[in-house]
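Peer 1: Pasting a structure below so you can have a look.
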Amino acid sequence: MENGKALLVEVNKISIGIFFENGHVYAVRNQCPHKLAPICKGVVDGTMLPSDPCDFKFGMEGEVLKCPWHGWHLI
Ligand code: FES
């Protein structure tokens with residue numbers, strides 16, 4: 001299984017994405033809390049971290065699932 005790609009399974013008619021990231025296994029319901037998109041078809045990436053004004057820090061790489069429709073971040 002490739003990092004950042006979900007293996008989709010169905011359990012009791014509920015779609016679940018299984019992710020293997022950096023030696024860990026995560027299970028995520030394949031439904032975005034915003035507008036119910038299939039969030040497991042999004043990418044696993046990082047996000048912007050809190051920082052001082054005019055200072056931009058990117059981090060948490062491989063820990064954030066981004067919804068393909070509007071970019072909701074699931075951490
Ligand atoms: S449906 Fe996922 S961000 Fe809108």
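Each chain in the structure tokens gets a letter, A, B and so on, in the order shown; residues start at 1 in every chain, and ligands are counted from 1 in the order they appear.
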Neighbouring residues of region 15-24 of chain A were defined as those with any atom within 8 Å, considering only C-alpha atoms; residues of the same chain fewer than 4 positions away were excluded. Please report them as a ChimeraX atom specification.
Peer 2: /A:1-11,28-31,40,62
Peer 1: Give as a ChimeraX atom specification the residues surrounding ligand 1 up to a distance of 7 Å, considering only C-alpha atoms and all ligand atoms.
Peer 2: /A:32-37,39,67-72
Peer 1: When distances are computed from only C-alpha atoms, which of A:Asp45, A:Ser51, A:Lys13, A:Phe58 shows the smallest separation from Ile75 (chain A)?
Peer 2: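 Between A:Asp45, A:Ser51, A:Lys13, A:Phe58, the residue approaching Ile75 (chain A) most closely is A:Asp45.
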Peer 1: Expressed in Å to a single decimal, how great is the separation between CA of Ala27 (chain A) and CA of Leu49 (chain A)?
Peer 2: 24.1 Å
Peer 1: For each of A:Asn12, A:Tyr26, A:Lys66, A:Glu61, take the minimum atom-to-atom distance to Gly46 (chain A), counting only C-alpha atoms, then give the residue where this is smallest.
Peer 2: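 Using only C-alpha atoms, the shortest distance to Gly46 (chain A) belongs to A:Glu61.
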Peer 1: Measure the distance from CA of Val44 (chain A) to CA of Phe56 (chain A) in Å and round it to one decimal.
Peer 2: 19.7 Å
Peer 1: What is the CA of His73 (chain A)-CA of Lys57 (chain A) distance in Å, reported with one decimal?
Peer 2: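 Between these atoms lies a distance of 16.2 Å.
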